[in-house]
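What follows is the content of model06.cif, which has mmCIF, C-alpha atoms:
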```cif
data_target
#
loop_
_atom_site.label_atom_id
_atom_site.label_comp_id
_atom_site.auth_asym_id
_atom_site.auth_seq_id
_atom_site.Cartn_x
_atom_site.Cartn_y
_atom_site.Cartn_z
CA MET A 1 -57.93 -27.96 -27.91
CA SER A 2 -59.25 -25.49 -30.37
CA ASP A 3 -62.71 -24.20 -29.64
CA PHE A 4 -63.93 -22.56 -32.83
CA TYR A 5 -67.58 -23.47 -33.45
CA PRO A 6 -69.84 -22.75 -31.83
CA HIS A 7 -67.53 -20.08 -30.51
CA GLY A 8 -66.35 -20.82 -26.98
CA HIS A 9 -68.75 -23.73 -26.42
CA ILE A 10 -66.23 -26.14 -24.88
CA ALA A 11 -64.46 -23.40 -22.92
CA LYS A 12 -67.85 -22.42 -21.46
CA LEU A 13 -68.50 -26.04 -20.44
CA TYR A 14 -65.15 -26.12 -18.61
CA GLY A 15 -65.75 -22.71 -17.03
CA VAL A 16 -62.82 -20.95 -18.67
CA PHE A 17 -64.50 -18.73 -21.26
CA ARG A 18 -63.92 -15.00 -20.80
CA ALA A 19 -67.19 -13.67 -22.22
CA GLU A 20 -66.13 -10.03 -21.70
CA ASP A 21 -63.04 -10.62 -23.87
CA GLY A 22 -64.49 -13.18 -26.30
CA TYR A 23 -61.86 -15.87 -25.71
CA ALA A 24 -60.88 -18.60 -23.27
CA GLU A 25 -58.55 -18.36 -20.31
CA ARG A 26 -55.12 -19.87 -20.79
CA ALA A 27 -55.95 -23.24 -19.28
CA ILE A 28 -54.70 -26.79 -19.50
CA PHE A 29 -56.84 -29.86 -19.00
CA VAL A 30 -55.52 -33.42 -19.14
CA ILE A 31 -58.37 -35.83 -19.84
CA ASP A 32 -58.07 -39.63 -19.96
CA LYS A 33 -59.81 -42.08 -22.32
CA SER A 34 -62.83 -42.32 -20.03
CA CYS A 35 -63.22 -38.51 -20.13
CA THR A 36 -62.06 -38.06 -16.54
CA VAL A 37 -60.25 -34.79 -15.95
CA LEU A 38 -56.88 -35.80 -14.48
CA PHE A 39 -55.42 -32.31 -14.31
CA ALA A 40 -56.76 -28.79 -14.70
CA LYS A 41 -54.94 -25.52 -14.23
CA VAL A 42 -55.75 -21.96 -15.28
CA TYR A 43 -52.76 -19.72 -15.89
CA PRO A 44 -52.61 -15.93 -16.00
CA ILE A 45 -53.50 -15.01 -19.58
CA ASP A 46 -50.04 -13.53 -20.25
CA GLU A 47 -48.13 -16.46 -18.71
CA GLN A 48 -47.00 -19.38 -20.84
CA PRO A 49 -47.34 -22.71 -19.01
CA ASP A 50 -44.09 -24.43 -18.11
CA ASN A 51 -43.56 -27.31 -20.54
CA GLU A 52 -41.54 -29.27 -17.98
CA GLU A 53 -44.55 -29.23 -15.63
CA LEU A 54 -46.74 -30.55 -18.44
CA PHE A 55 -44.26 -33.28 -19.39
CA GLN A 56 -44.30 -34.47 -15.76
CA ILE A 57 -48.11 -34.51 -15.70
CA LEU A 58 -48.26 -36.48 -18.95
CA GLN A 59 -46.01 -39.29 -17.68
CA PRO A 60 -47.91 -42.58 -17.61
CA PRO A 61 -49.00 -43.62 -14.08
CA GLY A 62 -46.55 -46.07 -12.58
CA SER A 63 -43.71 -45.05 -14.90
CA LEU A 64 -40.33 -44.43 -13.35
CA GLN A 65 -40.55 -40.71 -14.19
CA SER A 66 -43.98 -40.32 -12.55
CA GLN A 67 -42.62 -41.87 -9.32
CA VAL A 68 -39.73 -39.45 -9.07
CA SER A 69 -40.89 -36.21 -7.45
CA SER A 70 -37.80 -34.26 -8.44
CA PHE A 71 -34.70 -35.22 -10.33
CA THR A 72 -31.57 -33.13 -10.56
CA PRO A 73 -29.21 -34.36 -13.27
CA ALA A 74 -25.48 -34.32 -12.64
CA VAL A 75 -25.10 -32.04 -15.66
CA GLU A 76 -27.82 -29.54 -16.54
CA PRO A 77 -29.45 -30.43 -19.88
CA ALA A 78 -28.75 -26.99 -21.37
CA LYS A 79 -25.04 -27.67 -21.02
CA LEU A 80 -25.26 -30.97 -22.88
CA VAL A 81 -25.91 -29.26 -26.20
CA GLU A 82 -23.77 -26.28 -27.08
CA GLU A 83 -25.26 -23.21 -28.64
CA PRO A 84 -24.38 -22.88 -32.33
CA THR A 85 -21.52 -20.56 -33.13
CA ALA A 86 -23.18 -17.83 -35.18
CA ASP A 87 -23.44 -14.06 -34.88
CA VAL A 88 -27.23 -14.31 -34.72
CA VAL A 89 -29.09 -17.18 -33.05
CA MET A 90 -32.88 -16.96 -32.88
CA TYR A 91 -34.78 -19.21 -30.47
CA CYS A 92 -38.33 -19.67 -31.75
CA THR A 93 -41.46 -21.79 -31.95
CA PRO A 94 -43.36 -22.75 -35.11
CA TRP A 95 -46.52 -20.82 -34.14
CA CYS A 96 -44.92 -17.57 -32.93
CA PRO A 97 -46.04 -14.50 -34.96
CA ALA A 98 -43.13 -12.39 -33.66
CA CYS A 99 -40.74 -15.13 -34.83
CA ARG A 100 -42.19 -14.84 -38.34
CA ARG A 101 -41.69 -11.06 -38.24
CA ALA A 102 -38.10 -11.45 -37.02
CA ARG A 103 -37.35 -14.06 -39.70
CA ALA A 104 -38.73 -11.70 -42.38
CA TYR A 105 -36.68 -8.81 -40.95
CA PHE A 106 -33.46 -10.84 -41.14
CA GLN A 107 -34.22 -12.07 -44.66
CA GLU A 108 -35.18 -8.59 -45.94
CA ASN A 109 -31.94 -7.16 -44.54
CA GLY A 110 -29.69 -10.00 -45.72
CA ILE A 111 -28.75 -10.98 -42.16
CA GLN A 112 -27.66 -14.59 -41.74
CA PHE A 113 -29.03 -16.32 -38.66
CA VAL A 114 -29.39 -19.73 -37.09
CA GLU A 115 -32.88 -20.67 -35.97
CA ILE A 116 -33.54 -23.09 -33.08
CA ASP A 117 -37.03 -24.45 -32.42
CA ILE A 118 -37.33 -24.69 -28.63
CA THR A 119 -40.27 -27.10 -28.91
CA ARG A 120 -37.85 -29.65 -30.38
CA ASP A 121 -34.67 -28.72 -28.51
CA ARG A 122 -35.42 -28.85 -24.79
CA ALA A 123 -31.87 -27.82 -23.86
CA ALA A 124 -32.41 -24.66 -25.91
CA ALA A 125 -35.76 -24.14 -24.16
CA GLN A 126 -33.98 -24.35 -20.82
CA ARG A 127 -31.46 -21.78 -22.04
CA VAL A 128 -34.30 -19.43 -23.02
CA ARG A 129 -35.98 -19.88 -19.63
CA GLY A 130 -32.70 -18.86 -17.99
CA TRP A 131 -32.63 -15.64 -19.99
CA ALA A 132 -36.38 -14.89 -19.82
CA ASN A 133 -37.09 -15.16 -16.08
CA GLY A 134 -38.33 -18.75 -16.32
CA TYR A 135 -40.53 -18.25 -19.39
CA GLU A 136 -40.11 -19.74 -22.84
CA THR A 137 -40.44 -16.36 -24.53
CA THR A 138 -39.99 -16.40 -28.28
CA PRO A 139 -38.32 -15.10 -30.16
CA THR A 140 -35.25 -14.78 -27.98
CA PHE A 141 -31.98 -13.83 -29.63
CA ASN A 142 -28.31 -14.21 -28.91
CA ILE A 143 -26.71 -11.59 -31.13
CA LYS A 144 -22.95 -11.55 -30.77
CA GLY A 145 -23.32 -12.35 -27.05
CA THR A 146 -26.15 -9.88 -26.42
CA ILE A 147 -29.37 -11.56 -25.29
CA ILE A 148 -32.61 -9.97 -26.45
CA VAL A 149 -35.90 -11.40 -25.21
CA ASP A 150 -38.77 -10.78 -27.65
CA PHE A 151 -38.53 -9.05 -31.02
CA ASP A 152 -37.63 -5.39 -30.74
CA LYS A 153 -36.32 -4.06 -34.09
CA LEU A 154 -34.41 -1.23 -32.42
CA LYS A 155 -32.63 -3.50 -29.92
CA VAL A 156 -31.86 -6.05 -32.65
CA ALA A 157 -30.47 -3.36 -34.97
CA GLN A 158 -28.33 -1.95 -32.13
CA ALA A 159 -26.97 -5.40 -31.27
CA LEU A 160 -26.14 -5.95 -34.95
CA GLY A 161 -24.40 -2.57 -35.14
CA ILE A 162 -26.76 -1.39 -37.90
CA ILE A 163 -27.64 1.81 -36.00
#
```

Before anything else, please render the file you have as structure tokens.
Amino acid sequence: MSDFYPHGHIAKLYGVFRAEDGYAERAIFVIDKSCTVLFAKVYPIDEQPDNEELFQILQPPGSLQSQVSSFTPAVEPAKLVEEPTADVVMYCTPWCPACRRARAYFQENGIQFVEIDITRDRAAAQRVRGWANGYETTPTFNIKGTIIVDFDKLKVAQALGII
């Protein structure tokens, strides 16, 4: 939810507003049609919640998925979809400011790249989690076989052989 006006009102009602910082904790609440809180979890402010955990929570009660406590596929999902063959692959999300900066950097320098939205490609998200200690950190790059987590112009330029 977005909590814009009055500033922090809903976050205060749920007890997750950080008055000293002026913003809400990183928290997730799942609320049903009758306004019953089905799930609530506060995460460290610098930790992105695990989407797979959220997908499990959002399964309808009684569904086959909600009855399975853990499922290990015979083939890991990340291996089902191969990574594109390109010198520069950028794993991103639509809302990521660092992804926008990286995209602009590549465009300004005439560097061709393939962009993969990890919110739409869950196999790619799993690949990123493997490289980023379990987090879906964006942008994450595969530049000629060198993995770079987060946008660092110097590391990107070194991987590209520009400097």

**OP:** Would you mind listing what lies within 10 Å of A:Thr138 as a ChimeraX atom specification, with all atoms listed in the file counted and same-chain residues fewer than 2 positions away left out?
**Re:** /A:90-99,117-118,125,128,132,135-136,140-141,148-151

Just C-alpha atoms for this one: save the residues we selected as a CSV table (one decimal), in the frame of the given file.
```csv
chain,number,residue,atom,x,y,z
A,90,MET,CA,-32.9,-17.0,-32.9
A,91,TYR,CA,-34.8,-19.2,-30.5
A,92,CYS,CA,-38.3,-19.7,-31.8
A,93,THR,CA,-41.5,-21.8,-32.0
A,94,PRO,CA,-43.4,-22.8,-35.1
A,95,TRP,CA,-46.5,-20.8,-34.1
A,96,CYS,CA,-44.9,-17.6,-32.9
A,97,PRO,CA,-46.0,-14.5,-35.0
A,98,ALA,CA,-43.1,-12.4,-33.7
A,99,CYS,CA,-40.7,-15.1,-34.8
A,117,ASP,CA,-37.0,-24.4,-32.4
A,118,ILE,CA,-37.3,-24.7,-28.6
A,125,ALA,CA,-35.8,-24.1,-24.2
A,128,VAL,CA,-34.3,-19.4,-23.0
A,132,ALA,CA,-36.4,-14.9,-19.8
A,135,TYR,CA,-40.5,-18.2,-19.4
A,136,GLU,CA,-40.1,-19.7,-22.8
A,140,THR,CA,-35.2,-14.8,-28.0
A,141,PHE,CA,-32.0,-13.8,-29.6
A,148,ILE,CA,-32.6,-10.0,-26.4
A,149,VAL,CA,-35.9,-11.4,-25.2
A,150,ASP,CA,-38.8,-10.8,-27.6
A,151,PHE,CA,-38.5,-9.0,-31.0
```

**OP:** May I have the protein, DNA and RNA residues with an atom at most 12 Å from (-26.0, -26.0, -36.1), counting all atoms listed in the file in the file's coordinates, returned as JSON, numbers by chain?
**Re:** {"A": [81, 82, 83, 84, 85, 86, 88, 89, 90, 113, 114, 115, 116, 117, 121]}

Subject >> Shell around A:Phe17 at 12 Å using only C-alpha atoms, local window under 3 positions removed, as a list in words >> reply: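 So the residues in contact are Asp3, His7, Gly8, His9, Ile10, Ala11, Lys12, Leu13, Tyr14, Glu20, Asp21, Gly22, Tyr23, Ala24, Glu25, Arg26, Ala27, Val42 and Ile45 of chain A.
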
**OP:** Return as a list in words the set of residues that the PyMOL selection byres ((chain A and resi 52) around 12) yields on the displayed structure.
**Re:**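 So the PyMOL selection byres ((chain A and resi 52) around 12), applied here, picks out Gln48, Pro49, Asp50, Asn51, Glu53, Leu54, Phe55, Gln56, Ile57, Leu58, Gln59, Ser70, Phe71, Thr119, Arg122, Ala123, Ala125, Gln126, Arg129, Gly134, Tyr135 and Glu136 of chain A.
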
Original post:
Which protein, DNA or RNA residues have an atom at most 12 Å from (-58.2, -32.2, -14.3), counting only C-alpha atoms? List them as a count of residues only.
Top reply: 17

Original post:
Between atom CA of A:Glu47 and atom CA of A:Thr146, what is the distance, to one decimal in Å?
Top reply: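 It comes out at 24.2 Å.
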
Once you add 4 Å to each side, what are the centre and edge lengths of the axis-aligned box holding all listed atoms of stretch 143-148 of chain A? One decimal in Å, as lines of an AutoDock Vina configuration file, if you can.
```
center_x = -27.8
center_y = -11.1
center_z = -28.2
size_x = 17.7
size_y = 10.5
size_z = 13.8
```

**OP:** List the neighbours of stretch 108-112 of chain A out to 12 Å using all atoms listed in the file; skip same-chain residues closer than 2 positions along the sequence, and give me the result as a list of chain:residue names.
**Re:**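 Here the qualifying residues turn out to be A:Ala86, A:Asp87, A:Val88, A:Val89, A:Met90, A:Arg101, A:Ala102, A:Arg103, A:Ala104, A:Tyr105, A:Phe106, A:Val114, A:Glu115, A:Ile143, A:Lys153, A:Val156, A:Ala157, A:Leu160, A:Gly161, A:Ile162.
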
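Put simply, atom CA of A:Ala159 is 20.7 Å away from atom CA of A:Asn133.
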
Subject >> Length of the atom CA of A:Thr137 to atom CA of A:Asp46 vector [Å] >> reply: 10.9 Å
